[in-house]
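File shown: protein.pdb (PDB, C-alpha atoms).
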```pdb
ATOM      1  CA  MET A   1     -17.545   9.832  10.585  1.00  0.00           C
ATOM      2  CA  ILE A   2     -17.283  11.648   7.291  1.00  0.00           C
ATOM      3  CA  GLY A   3     -20.002  11.192   4.723  1.00  0.00           C
ATOM      4  CA  VAL A   4     -17.858   9.497   2.066  1.00  0.00           C
ATOM      5  CA  GLY A   5     -16.009   7.311   4.554  1.00  0.00           C
ATOM      6  CA  CYS A   6     -12.487   8.191   3.400  1.00  0.00           C
ATOM      7  CA  LEU A   7     -10.387   5.417   4.965  1.00  0.00           C
ATOM      8  CA  GLY A   8     -12.363   5.741   8.189  1.00  0.00           C
ATOM      9  CA  PHE A   9     -10.772   9.060   9.170  1.00  0.00           C
ATOM     10  CA  GLU A  10     -12.921  11.759  10.758  1.00  0.00           C
ATOM     11  CA  ILE A  11     -11.764  14.264   8.132  1.00  0.00           C
ATOM     12  CA  GLY A  12     -12.880  14.864   4.580  1.00  0.00           C
ATOM     13  CA  CYS A  13     -11.216  13.105   1.663  1.00  0.00           C
ATOM     14  CA  GLU A  14     -10.429  16.437   0.016  1.00  0.00           C
ATOM     15  CA  THR A  15      -8.716  17.697   3.173  1.00  0.00           C
ATOM     16  CA  LEU A  16      -6.812  14.427   3.518  1.00  0.00           C
ATOM     17  CA  ILE A  17      -5.545  14.558  -0.074  1.00  0.00           C
ATOM     18  CA  LYS A  18      -4.549  18.228   0.125  1.00  0.00           C
ATOM     19  CA  GLY A  19      -2.793  17.680   3.435  1.00  0.00           C
ATOM     20  CA  GLY A  20      -0.922  14.643   2.121  1.00  0.00           C
ATOM     21  CA  LEU A  21       0.217  16.458  -1.018  1.00  0.00           C
ATOM     22  CA  THR A  22       1.341  19.429   1.071  1.00  0.00           C
ATOM     23  CA  VAL A  23       3.522  17.206   3.247  1.00  0.00           C
ATOM     24  CA  ILE A  24       5.025  15.448   0.212  1.00  0.00           C
ATOM     25  CA  MET A  25       5.774  18.712  -1.584  1.00  0.00           C
ATOM     26  CA  SER A  26       7.296  20.160   1.597  1.00  0.00           C
ATOM     27  CA  PHE A  27       9.720  17.241   1.788  1.00  0.00           C
ATOM     28  CA  VAL A  28      10.578  17.528  -1.897  1.00  0.00           C
ATOM     29  CA  LEU A  29      11.161  21.291  -1.651  1.00  0.00           C
ATOM     30  CA  PHE A  30      12.870  21.728   1.705  1.00  0.00           C
ATOM     31  CA  VAL A  31      14.539  18.364   2.341  1.00  0.00           C
ATOM     32  CA  GLY A  32      15.207  17.640  -1.334  1.00  0.00           C
ATOM     33  CA  SER A  33      16.929  20.969  -1.931  1.00  0.00           C
ATOM     34  CA  ILE A  34      19.276  20.381   1.015  1.00  0.00           C
ATOM     35  CA  LEU A  35      19.998  16.863  -0.215  1.00  0.00           C
ATOM     36  CA  LEU A  36      20.874  18.271  -3.632  1.00  0.00           C
ATOM     37  CA  VAL A  37      23.406  20.691  -2.132  1.00  0.00           C
ATOM     38  CA  LEU A  38      24.942  18.040   0.136  1.00  0.00           C
ATOM     39  CA  ALA A  39      25.180  15.570  -2.733  1.00  0.00           C
ATOM     40  CA  ALA A  40      27.037  18.155  -4.822  1.00  0.00           C
ATOM     41  CA  VAL A  41      29.599  18.640  -2.036  1.00  0.00           C
ATOM     42  CA  PHE A  42      29.959  15.167  -0.494  1.00  0.00           C
ATOM     43  CA  GLY A  43      28.567  12.876  -3.186  1.00  0.00           C
ATOM     44  CA  ARG A  44      25.227  11.113  -3.270  1.00  0.00           C
ATOM     45  CA  ARG A  45      25.870   8.458  -0.608  1.00  0.00           C
ATOM     46  CA  MET A  46      27.544  10.605   2.037  1.00  0.00           C
ATOM     47  CA  GLY A  47      25.266  13.544   1.293  1.00  0.00           C
ATOM     48  CA  TYR A  48      22.263  11.353   2.051  1.00  0.00           C
ATOM     49  CA  LEU A  49      23.866  10.039   5.256  1.00  0.00           C
ATOM     50  CA  VAL A  50      24.665  13.556   6.494  1.00  0.00           C
ATOM     51  CA  LEU A  51      21.101  14.646   5.797  1.00  0.00           C
ATOM     52  CA  ALA A  52      19.538  11.533   7.375  1.00  0.00           C
ATOM     53  CA  VAL A  53      21.579  11.700  10.592  1.00  0.00           C
ATOM     54  CA  SER A  54      20.911  15.433  10.936  1.00  0.00           C
ATOM     55  CA  PHE A  55      17.194  15.065  10.226  1.00  0.00           C
ATOM     56  CA  PHE A  56      16.626  12.141  12.602  1.00  0.00           C
ATOM     57  CA  GLY A  57      18.720  13.817  15.294  1.00  0.00           C
ATOM     58  CA  TRP A  58      16.553  16.918  14.988  1.00  0.00           C
ATOM     59  CA  MET A  59      13.433  14.726  15.137  1.00  0.00           C
ATOM     60  CA  ILE A  60      14.703  13.103  18.351  1.00  0.00           C
ATOM     61  CA  ILE A  61      14.979  16.535  19.972  1.00  0.00           C
ATOM     62  CA  LEU A  62      11.587  17.696  18.682  1.00  0.00           C
ATOM     63  CA  SER A  63       9.710  14.498  19.572  1.00  0.00           C
ATOM     64  CA  SER A  64      11.357  14.530  23.023  1.00  0.00           C
ATOM     65  CA  LEU A  65       9.818  17.962  23.605  1.00  0.00           C
ATOM     66  CA  TRP A  66       6.448  16.570  22.498  1.00  0.00           C
ATOM     67  CA  THR A  67       6.756  13.557  24.797  1.00  0.00           C
ATOM     68  CA  PHE A  68       8.350  14.997  27.941  1.00  0.00           C
ATOM     69  CA  GLY A  69       7.906  18.754  27.619  1.00  0.00           C
ATOM     70  CA  PHE A  70      10.663  21.206  28.494  1.00  0.00           C
ATOM     71  CA  PHE A  71      11.580  22.860  31.789  1.00  0.00           C
ATOM     72  CA  SER A  72      13.808  25.910  32.005  1.00  0.00           C
ATOM     73  CA  GLN A  73      14.065  28.882  34.371  1.00  0.00           C
ATOM     74  CA  GLY A  74      10.837  28.048  36.154  1.00  0.00           C
ATOM     75  CA  LEU A  75       8.848  27.590  32.959  1.00  0.00           C
ATOM     76  CA  GLU A  76       7.513  24.239  31.808  1.00  0.00           C
ATOM     77  CA  THR A  77       5.983  23.593  28.407  1.00  0.00           C
ATOM     78  CA  PRO A  78       3.018  21.193  28.228  1.00  0.00           C
ATOM     79  CA  VAL A  79       3.467  17.781  26.650  1.00  0.00           C
ATOM     80  CA  ASN A  80       1.840  16.443  23.465  1.00  0.00           C
ATOM     81  CA  LEU A  81       2.134  19.672  21.502  1.00  0.00           C
ATOM     82  CA  GLY A  82       2.873  17.694  18.341  1.00  0.00           C
ATOM     83  CA  PRO A  83       0.653  15.156  16.542  1.00  0.00           C
ATOM     84  CA  ARG A  84      -2.024  13.902  18.908  1.00  0.00           C
ATOM     85  CA  GLY A  85      -3.649  10.501  19.065  1.00  0.00           C
ATOM     86  CA  THR A  86      -7.157   9.678  20.239  1.00  0.00           C
ATOM     87  CA  GLU A  87      -8.502  12.221  22.696  1.00  0.00           C
ATOM     88  CA  PRO A  88     -10.192  11.100  25.930  1.00  0.00           C
ATOM     89  CA  ALA A  89     -13.902  10.740  25.297  1.00  0.00           C
ATOM     90  CA  TRP A  90     -17.094   9.089  26.439  1.00  0.00           C
ATOM     91  CA  VAL A  91     -18.005   6.101  24.273  1.00  0.00           C
ATOM     92  CA  VAL A  92     -21.523   4.658  24.028  1.00  0.00           C
ATOM     93  CA  GLU A  93     -21.477   0.963  24.947  1.00  0.00           C
ATOM     94  CA  ALA A  94     -25.174   0.214  24.503  1.00  0.00           C
ATOM     95  CA  ALA A  95     -28.440   2.052  23.937  1.00  0.00           C
ATOM     96  CA  GLY A  96     -32.108   1.090  23.680  1.00  0.00           C
ATOM     97  CA  THR A  97     -35.284   0.652  25.633  1.00  0.00           C
ATOM     98  CA  ASP A  98     -33.702  -2.316  27.421  1.00  0.00           C
ATOM     99  CA  PRO A  99     -30.011  -2.404  26.438  1.00  0.00           C
ATOM    100  CA  GLU A 100     -27.670  -5.182  27.461  1.00  0.00           C
ATOM    101  CA  PRO A 101     -25.540  -4.113  30.456  1.00  0.00           C
ATOM    102  CA  VAL A 102     -21.945  -4.548  29.306  1.00  0.00           C
ATOM    103  CA  TYR A 103     -20.798  -3.910  32.890  1.00  0.00           C
ATOM    104  CA  GLU A 104     -22.694  -5.296  35.882  1.00  0.00           C
ATOM    105  CA  ALA A 105     -23.000  -1.783  37.297  1.00  0.00           C
ATOM    106  CA  PHE A 106     -25.194  -0.768  34.356  1.00  0.00           C
ATOM    107  CA  ALA A 107     -27.914  -3.155  35.523  1.00  0.00           C
ATOM    108  CA  ALA A 108     -28.199  -1.209  38.809  1.00  0.00           C
ATOM    109  CA  TYR A 109     -28.710   2.182  37.146  1.00  0.00           C
ATOM    110  CA  PRO A 110     -30.044   4.430  38.641  1.00  0.00           C
ATOM    111  CA  GLY A 111     -29.715   2.563  41.931  1.00  0.00           C
ATOM    112  CA  ASP A 112     -26.988   2.017  44.477  1.00  0.00           C
ATOM    113  CA  GLY A 113     -23.490   3.196  43.638  1.00  0.00           C
ATOM    114  CA  TRP A 114     -24.578   5.672  40.985  1.00  0.00           C
ATOM    115  CA  ARG A 115     -24.033   9.325  41.777  1.00  0.00           C
ATOM    116  CA  ALA A 116     -25.601  12.499  40.426  1.00  0.00           C
ATOM    117  CA  PRO A 117     -23.407  15.073  38.643  1.00  0.00           C
ATOM    118  CA  GLY A 118     -23.580  17.534  41.529  1.00  0.00           C
ATOM    119  CA  ASP A 119     -21.683  15.209  43.886  1.00  0.00           C
ATOM    120  CA  ASN A 120     -18.256  16.349  42.647  1.00  0.00           C
ATOM    121  CA  ASP A 121     -16.777  18.840  40.196  1.00  0.00           C
ATOM    122  CA  GLU A 122     -15.341  16.182  37.884  1.00  0.00           C
ATOM    123  CA  ASP A 123     -18.777  14.707  37.215  1.00  0.00           C
ATOM    124  CA  THR A 124     -20.255  18.151  36.650  1.00  0.00           C
ATOM    125  CA  ALA A 125     -17.566  18.894  34.050  1.00  0.00           C
ATOM    126  CA  SER A 126     -18.341  15.601  32.280  1.00  0.00           C
ATOM    127  CA  VAL A 127     -22.076  16.241  31.862  1.00  0.00           C
ATOM    128  CA  GLN A 128     -21.680  18.145  28.593  1.00  0.00           C
ATOM    129  CA  SER A 129     -19.335  15.492  27.182  1.00  0.00           C
ATOM    130  CA  VAL A 130     -21.762  12.704  28.046  1.00  0.00           C
ATOM    131  CA  THR A 131     -24.639  14.665  26.563  1.00  0.00           C
ATOM    132  CA  SER A 132     -22.775  15.348  23.321  1.00  0.00           C
ATOM    133  CA  ALA A 133     -21.638  11.727  22.979  1.00  0.00           C
ATOM    134  CA  THR A 134     -25.167  10.447  23.563  1.00  0.00           C
ATOM    135  CA  GLN A 135     -26.795  12.887  21.144  1.00  0.00           C
ATOM    136  CA  GLY A 136     -24.190  12.233  18.470  1.00  0.00           C
ATOM    137  CA  PHE A 137     -24.614   8.460  18.767  1.00  0.00           C
ATOM    138  CA  LEU A 138     -28.413   8.577  18.627  1.00  0.00           C
ATOM    139  CA  ALA A 139     -28.416  10.990  15.669  1.00  0.00           C
ATOM    140  CA  GLU A 140     -25.986   8.764  13.756  1.00  0.00           C
ATOM    141  CA  GLN A 141     -28.001   5.617  14.451  1.00  0.00           C
ATOM    142  CA  ALA A 142     -31.278   7.293  13.530  1.00  0.00           C
ATOM    143  CA  ASN A 143     -29.886   8.612  10.229  1.00  0.00           C
ATOM    144  CA  GLU A 144     -28.578   5.152   9.357  1.00  0.00           C
ATOM    145  CA  GLU A 145     -32.030   3.656   9.927  1.00  0.00           C
ATOM    146  CA  LEU A 146     -33.595   6.400   7.809  1.00  0.00           C
ATOM    147  CA  GLY A 147     -30.989   5.966   5.088  1.00  0.00           C
ATOM    148  CA  ARG A 148     -29.922   9.603   5.248  1.00  0.00           C
ATOM    149  CA  GLY A 149     -26.430  11.026   5.182  1.00  0.00           C
ATOM    150  CA  GLU A 150     -25.232  13.297   7.948  1.00  0.00           C
ATOM    151  CA  HIS A 151     -25.455  16.417   5.791  1.00  0.00           C
ATOM    152  CA  GLU A 152     -28.422  15.477   3.614  1.00  0.00           C
ATOM    153  CA  PRO A 153     -31.634  17.538   3.789  1.00  0.00           C
ATOM    154  CA  GLY A 154     -33.915  16.203   6.502  1.00  0.00           C
ATOM    155  CA  ALA A 155     -31.128  14.432   8.377  1.00  0.00           C
ATOM    156  CA  LEU A 156     -31.483  14.404  12.150  1.00  0.00           C
ATOM    157  CA  THR A 157     -29.022  16.409  14.227  1.00  0.00           C
ATOM    158  CA  THR A 158     -27.827  16.165  17.801  1.00  0.00           C
ATOM    159  CA  THR A 159     -30.264  18.858  18.906  1.00  0.00           C
ATOM    160  CA  ASP A 160     -33.176  16.569  17.962  1.00  0.00           C
ATOM    161  CA  PHE A 161     -32.483  14.434  21.040  1.00  0.00           C
ATOM    162  CA  THR A 162     -32.872  15.310  24.703  1.00  0.00           C
ATOM    163  CA  VAL A 163     -30.628  13.741  27.368  1.00  0.00           C
ATOM    164  CA  GLN A 164     -31.530  13.668  31.046  1.00  0.00           C
ATOM    165  CA  ASN A 165     -30.956  11.773  34.298  1.00  0.00           C
ATOM    166  CA  ILE A 166     -27.195  11.546  33.766  1.00  0.00           C
ATOM    167  CA  GLU A 167     -25.395   9.648  36.525  1.00  0.00           C
ATOM    168  CA  PHE A 168     -21.868   8.323  37.018  1.00  0.00           C
ATOM    169  CA  PHE A 169     -20.243   5.216  38.452  1.00  0.00           C
ATOM    170  CA  ALA A 170     -16.644   4.166  39.142  1.00  0.00           C
ATOM    171  CA  THR A 171     -15.866   0.437  38.903  1.00  0.00           C
ATOM    172  CA  GLU A 172     -13.365  -1.431  41.070  1.00  0.00           C
ATOM    173  CA  ASP A 173     -11.017  -1.549  38.067  1.00  0.00           C
ATOM    174  CA  GLY A 174     -10.992   2.238  37.830  1.00  0.00           C
ATOM    175  CA  VAL A 175     -13.224   2.399  34.750  1.00  0.00           C
ATOM    176  CA  SER A 176     -15.517   5.430  34.752  1.00  0.00           C
ATOM    177  CA  LEU A 177     -19.065   4.696  33.620  1.00  0.00           C
ATOM    178  CA  ALA A 178     -22.028   6.910  32.859  1.00  0.00           C
ATOM    179  CA  ALA A 179     -25.670   6.270  32.099  1.00  0.00           C
ATOM    180  CA  ALA A 180     -28.530   8.468  30.997  1.00  0.00           C
ATOM    181  CA  HIS A 181     -32.052   8.528  29.610  1.00  0.00           C
ATOM    182  CA  ALA A 182     -32.641  10.068  26.196  1.00  0.00           C
ATOM    183  CA  PHE A 183     -35.522  10.512  23.792  1.00  0.00           C
ATOM    184  CA  PHE A 184     -36.391  12.069  20.443  1.00  0.00           C
ATOM    185  CA  THR A 185     -37.523  15.618  21.139  1.00  0.00           C
ATOM    186  CA  ASP A 186     -40.607  15.370  18.879  1.00  0.00           C
ATOM    187  CA  GLY A 187     -41.772  12.218  20.609  1.00  0.00           C
ATOM    188  CA  GLY A 188     -40.683   8.645  21.033  1.00  0.00           C
ATOM    189  CA  PRO A 189     -39.742   6.040  23.639  1.00  0.00           C
ATOM    190  CA  ILE A 190     -37.338   6.825  26.440  1.00  0.00           C
ATOM    191  CA  LEU A 191     -34.003   5.154  25.739  1.00  0.00           C
ATOM    192  CA  THR A 192     -31.394   4.094  28.256  1.00  0.00           C
ATOM    193  CA  VAL A 193     -27.829   4.806  27.188  1.00  0.00           C
ATOM    194  CA  TYR A 194     -24.725   3.273  28.764  1.00  0.00           C
ATOM    195  CA  LEU A 195     -21.332   4.927  28.294  1.00  0.00           C
ATOM    196  CA  ARG A 196     -17.711   4.216  29.207  1.00  0.00           C
ATOM    197  CA  HIS A 197     -14.920   6.769  29.468  1.00  0.00           C
ATOM    198  CA  ASP A 198     -12.060   6.015  27.105  1.00  0.00           C
ATOM    199  CA  SER A 199      -8.805   7.547  28.315  1.00  0.00           C
ATOM    200  CA  GLY A 200      -7.575   7.725  24.706  1.00  0.00           C
ATOM    201  CA  SER A 201      -3.958   7.652  23.551  1.00  0.00           C
ATOM    202  CA  VAL A 202      -2.971  11.282  23.114  1.00  0.00           C
ATOM    203  CA  ASP A 203       0.775  10.596  23.423  1.00  0.00           C
ATOM    204  CA  ARG A 204       0.807   7.722  20.913  1.00  0.00           C
ATOM    205  CA  TYR A 205       2.283   9.673  18.005  1.00  0.00           C
ATOM    206  CA  SER A 206       4.784  11.501  20.219  1.00  0.00           C
ATOM    207  CA  TRP A 207       6.229   8.156  21.327  1.00  0.00           C
ATOM    208  CA  MET A 208       6.069   6.754  17.778  1.00  0.00           C
ATOM    209  CA  PHE A 209       8.096   9.679  16.405  1.00  0.00           C
ATOM    210  CA  LEU A 210      10.587   9.490  19.289  1.00  0.00           C
ATOM    211  CA  ILE A 211      11.176   5.741  19.019  1.00  0.00           C
ATOM    212  CA  GLY A 212      11.214   5.730  15.219  1.00  0.00           C
ATOM    213  CA  SER A 213      13.621   8.679  15.014  1.00  0.00           C
ATOM    214  CA  THR A 214      15.952   7.096  17.572  1.00  0.00           C
ATOM    215  CA  LEU A 215      16.060   3.777  15.698  1.00  0.00           C
ATOM    216  CA  LEU A 216      16.653   5.421  12.318  1.00  0.00           C
ATOM    217  CA  PHE A 217      19.313   7.717  13.793  1.00  0.00           C
ATOM    218  CA  GLY A 218      21.131   4.724  15.231  1.00  0.00           C
ATOM    219  CA  ALA A 219      20.801   2.804  11.955  1.00  0.00           C
ATOM    220  CA  HIS A 220      22.356   5.594   9.848  1.00  0.00           C
ATOM    221  CA  LEU A 221      25.093   6.736  12.232  1.00  0.00           C
ATOM    222  CA  PRO A 222      27.518   3.774  11.692  1.00  0.00           C
ATOM    223  CA  PHE A 223      27.308   4.183   7.909  1.00  0.00           C
ATOM    224  CA  LEU A 224      28.061   7.903   8.204  1.00  0.00           C
ATOM    225  CA  ASP A 225      31.046   7.137  10.431  1.00  0.00           C
ATOM    226  CA  ARG A 226      32.394   4.678   7.875  1.00  0.00           C
ATOM    227  CA  ALA A 227      31.862   7.146   5.023  1.00  0.00           C
ATOM    228  CA  GLU A 228      33.669   9.891   6.945  1.00  0.00           C
ATOM    229  CA  ARG A 229      36.641   7.593   7.612  1.00  0.00           C
ATOM    230  CA  LYS A 230      36.950   6.796   3.915  1.00  0.00           C
ATOM    231  CA  ARG A 231      36.699  10.471   3.028  1.00  0.00           C
ATOM    232  CA  LYS A 232      39.401  11.325   5.575  1.00  0.00           C
ATOM    233  CA  GLU A 233      41.712   8.712   4.088  1.00  0.00           C
ATOM    234  CA  ILE A 234      41.278  10.264   0.640  1.00  0.00           C
ATOM    235  CA  LEU A 235      41.819  13.817   1.885  1.00  0.00           C
ATOM    236  CA  THR A 236      44.993  12.831   3.790  1.00  0.00           C
ATOM    237  CA  GLY A 237      46.758  11.152   0.911  1.00  0.00           C
ATOM    238  CA  GLY A 238      44.628   8.238  -0.189  1.00  0.00           C
ATOM    239  CA  THR A 239      43.418   7.485  -3.685  1.00  0.00           C
ATOM    240  CA  ALA A 240      40.034   8.863  -4.676  1.00  0.00           C
ATOM    241  CA  PRO A 241      37.675   6.574  -6.559  1.00  0.00           C
ATOM    242  CA  PRO A 242      37.296   7.148 -10.316  1.00  0.00           C
ATOM    243  CA  TRP A 243      35.056  10.078 -11.244  1.00  0.00           C
ATOM    244  CA  TYR A 244      32.072   9.192 -13.436  1.00  0.00           C
ATOM    245  CA  GLY A 245      30.492  12.597 -13.776  1.00  0.00           C
ATOM    246  CA  PRO A 246      28.433  14.876 -11.506  1.00  0.00           C
ATOM    247  CA  ALA A 247      27.098  13.339  -8.294  1.00  0.00           C
TER     248      ALA A 247
END
```

Target encoding C-alpha cells, full file:
Amino acid sequence: MIGVGCLGFEIGCETLIKGGLTVIMSFVLFVGSILLVLAAVFGRRMGYLVLAVSFFGWMIILSSLWTFGFFSQGLETPVNLGPRGTEPAWVVEAAGTDPEPVYEAFAAYPGDGWRAPGDNDEDTASVQSVTSATQGFLAEQANEELGRGEHEPGALTTTDFTVQNIEFFATEDGVSLAAAHAFFTDGGPILTVYLRHDSGSVDRYSWMFLIGSTLLFGAHLPFLDRAERKRKEILTGGTAPPWYGPA
C-alpha cells in the first residue's frame, strides 16, 4: 500500500490526481469539442444524442475486443488489453510461530499431501511469487510494529527476510495453497506462513465497460430515433420550433 494511504489504491496520491485530471481534460477537449460542433449543426439536444450514441457504440466495439479478443486471418489478439482488474496473486492467510490453519490442509504441513516445487513446472514457476508475497507481507507487518513507513530511513525491506521450505497443496475444491518457513535474516524465530492463490478478476473492468456501454447505448438510441423523426418532419415541410438564439 502507498505511504499516505490515498483511498486504499496501490498508487500515489499525486499520480492518482494527475491521472484523473488528465482524463477529465481529455474528455473536455476531445469529446467537448465534437459536442460543440454537433450542437451548432443539430442543436443541443440532438447533438448530444448523436454524440452519445456514437460514443457508446464505439465503446461497445472497443470493450468487446478487450473482453473477447479478435480473430482474423489466422491471427488472434489476447483478451484483457484494456483496463485490468486484480491480477492473480498469492495471498498470505496467516503467519507466525504457530499460526491458525485457515484450511485443514495447513495443519498437515509439511506432511502428507504437500508437494515440493520440483514435482511439476507450475509449482516451480510459483516459487518466486510465493517468496515475494511472503517477504512483502513480513516486511509490511514488521514496519507496522516498528512504527516506520515503507520508505522511511531504517525501514525493513523484503530482502531482510529469508523464505525456505516452500511446498504446495491442492484442495478438493480446487483452491491452490502454499506454505513456507521464513525468518528475519539477521536473526529471529522461524515463522510458518500459509498462503492461498487468488485467481483475481482481471476481466472485471472489460465486462463493466461492455455492459455499461451496451445499456447506455440502448438507453440513448430511442431518444435519438425520436429526435431524427421530428427533424425529418421539419425538413420535409413541417414547422420548425421558434428560434431563441444560438444553440

What separates atom CA of Phe30 of chain A and atom CA of Leu51 of chain A is a distance of 11.6 Å

Test item: residues at most 12 Å from Pro117 of chain A, all atoms listed in the file, excluding those fewer than 2 positions along its chain, as a count of residues only: 22

Name the residues that the PyMOL selection byres ((chain A and resi 171-175) around 10) picks from the file above, as a PyMOL selection string, using the file's chain letters and numbers. chain A and resi 103-105+113+169-170+176-177+196-199

What does the PyMOL selection byres ((chain A and resi 83) around 6) select in this file, as a JSON list (two decimals) with C-alpha atoms, keeping the file's coordinate frame?
```
[["chain", "number", "residue", "atom", "x", "y", "z"],
["A", 82, "GLY", "CA", 2.87, 17.69, 18.34],
["A", 84, "ARG", "CA", -2.02, 13.90, 18.91],
["A", 205, "TYR", "CA", 2.28, 9.67, 18.00]]
```

Counting all atoms listed in the file, what is within 9 Å of Glu93 of chain A, bar same-chain residues fewer than 4 positions away, as a PyMOL selection string? chain A and resi 101-102+193-196

Taking all atoms listed in the file into account, name the residue in A:Gly57, A:Pro189, A:Gly19, A:Gly43 that is nearest to Leu215 of chain A. A:Gly57

Pro222 of chain A: which residues within 12 Å, counting only C-alpha atoms, same-chain residues fewer than 3 positions away excluded, as a ChimeraX atom specification? /A:46,49-50,52-53,216-219,225-229

Top pick for closest residue to Met59 of chain A, considering A:Ser213, A:Thr131, A:Leu221, A:Arg44 and counting all atoms listed in the file: A:Ser213

Please tell me which residues are no farther than 12 Å from (-40.5, 7.8, 20.6) in the file, counting all atoms listed in the file, and write them as a short mmCIF file (atom, residue, chain, number, x, y, z; two decimals) with C-alpha atoms, in the coordinates of the input.
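Heads up, here's the output in out_28.cif:
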```cif
data_model
loop_
_atom_site.label_atom_id
_atom_site.label_comp_id
_atom_site.auth_asym_id
_atom_site.auth_seq_id
_atom_site.Cartn_x
_atom_site.Cartn_y
_atom_site.Cartn_z
CA GLY A 96 -32.11 1.09 23.68
CA THR A 97 -35.28 0.65 25.63
CA ALA A 142 -31.28 7.29 13.53
CA ASP A 160 -33.18 16.57 17.96
CA PHE A 161 -32.48 14.43 21.04
CA THR A 162 -32.87 15.31 24.70
CA ALA A 182 -32.64 10.07 26.20
CA PHE A 183 -35.52 10.51 23.79
CA PHE A 184 -36.39 12.07 20.44
CA THR A 185 -37.52 15.62 21.14
CA ASP A 186 -40.61 15.37 18.88
CA GLY A 187 -41.77 12.22 20.61
CA GLY A 188 -40.68 8.64 21.03
CA PRO A 189 -39.74 6.04 23.64
CA ILE A 190 -37.34 6.82 26.44
CA LEU A 191 -34.00 5.15 25.74
#
```

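Atom CA of Val79 of chain A to atom CA of Gly212 of chain A spans 18.3 Å [interatomic distance, one decimal].
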
Report as a short mmCIF file (atom, residue, chain, number, x, y, z; two decimals) with C-alpha atoms, keeping the file's coordinate frame the residues that result from applying the PyMOL selection byres ((chain A and resi 206) around 9) to the structure here.
```
data_model
loop_
_atom_site.label_atom_id
_atom_site.label_comp_id
_atom_site.auth_asym_id
_atom_site.auth_seq_id
_atom_site.Cartn_x
_atom_site.Cartn_y
_atom_site.Cartn_z
CA SER A 63 9.71 14.50 19.57
CA SER A 64 11.36 14.53 23.02
CA LEU A 65 9.82 17.96 23.60
CA TRP A 66 6.45 16.57 22.50
CA THR A 67 6.76 13.56 24.80
CA ASN A 80 1.84 16.44 23.46
CA LEU A 81 2.13 19.67 21.50
CA GLY A 82 2.87 17.69 18.34
CA PRO A 83 0.65 15.16 16.54
CA ARG A 84 -2.02 13.90 18.91
CA GLY A 85 -3.65 10.50 19.07
CA VAL A 202 -2.97 11.28 23.11
CA ASP A 203 0.78 10.60 23.42
CA ARG A 204 0.81 7.72 20.91
CA TYR A 205 2.28 9.67 18.00
CA TRP A 207 6.23 8.16 21.33
CA MET A 208 6.07 6.75 17.78
CA PHE A 209 8.10 9.68 16.40
CA LEU A 210 10.59 9.49 19.29
CA ILE A 211 11.18 5.74 19.02
#
```

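Interatomic distance, atom CA of Arg45 of chain A against atom CA of Ser26 of chain A: 22.1 Å.
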
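Near Glu140 of chain A, within 12 Å and counting only C-alpha atoms, sit Met1, Ile2, Gly3, Val92, Ala133, Thr134, Gln135, Gly136, Phe137, Asn143, Glu144, Glu145, Leu146, Gly147, Arg148, Gly149, Glu150, His151, Ala155, Leu156, Thr157, Thr158, Asp160 and Phe161 of chain A, not including residues fewer than 3 positions from it in the same chain.
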
Residue subset to file, keeping C-alpha atoms, as a CSV table (one decimal), keeping the file's coordinate frame:
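To be explicit, this is the file written out as selection_5.csv:
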```csv
chain,number,residue,atom,x,y,z
A,1,MET,CA,-17.5,9.8,10.6
A,2,ILE,CA,-17.3,11.6,7.3
A,3,GLY,CA,-20.0,11.2,4.7
A,92,VAL,CA,-21.5,4.7,24.0
A,133,ALA,CA,-21.6,11.7,23.0
A,134,THR,CA,-25.2,10.4,23.6
A,135,GLN,CA,-26.8,12.9,21.1
A,136,GLY,CA,-24.2,12.2,18.5
A,137,PHE,CA,-24.6,8.5,18.8
A,143,ASN,CA,-29.9,8.6,10.2
A,144,GLU,CA,-28.6,5.2,9.4
A,145,GLU,CA,-32.0,3.7,9.9
A,146,LEU,CA,-33.6,6.4,7.8
A,147,GLY,CA,-31.0,6.0,5.1
A,148,ARG,CA,-29.9,9.6,5.2
A,149,GLY,CA,-26.4,11.0,5.2
A,150,GLU,CA,-25.2,13.3,7.9
A,151,HIS,CA,-25.5,16.4,5.8
A,155,ALA,CA,-31.1,14.4,8.4
A,156,LEU,CA,-31.5,14.4,12.2
A,157,THR,CA,-29.0,16.4,14.2
A,158,THR,CA,-27.8,16.2,17.8
A,160,ASP,CA,-33.2,16.6,18.0
A,161,PHE,CA,-32.5,14.4,21.0
```
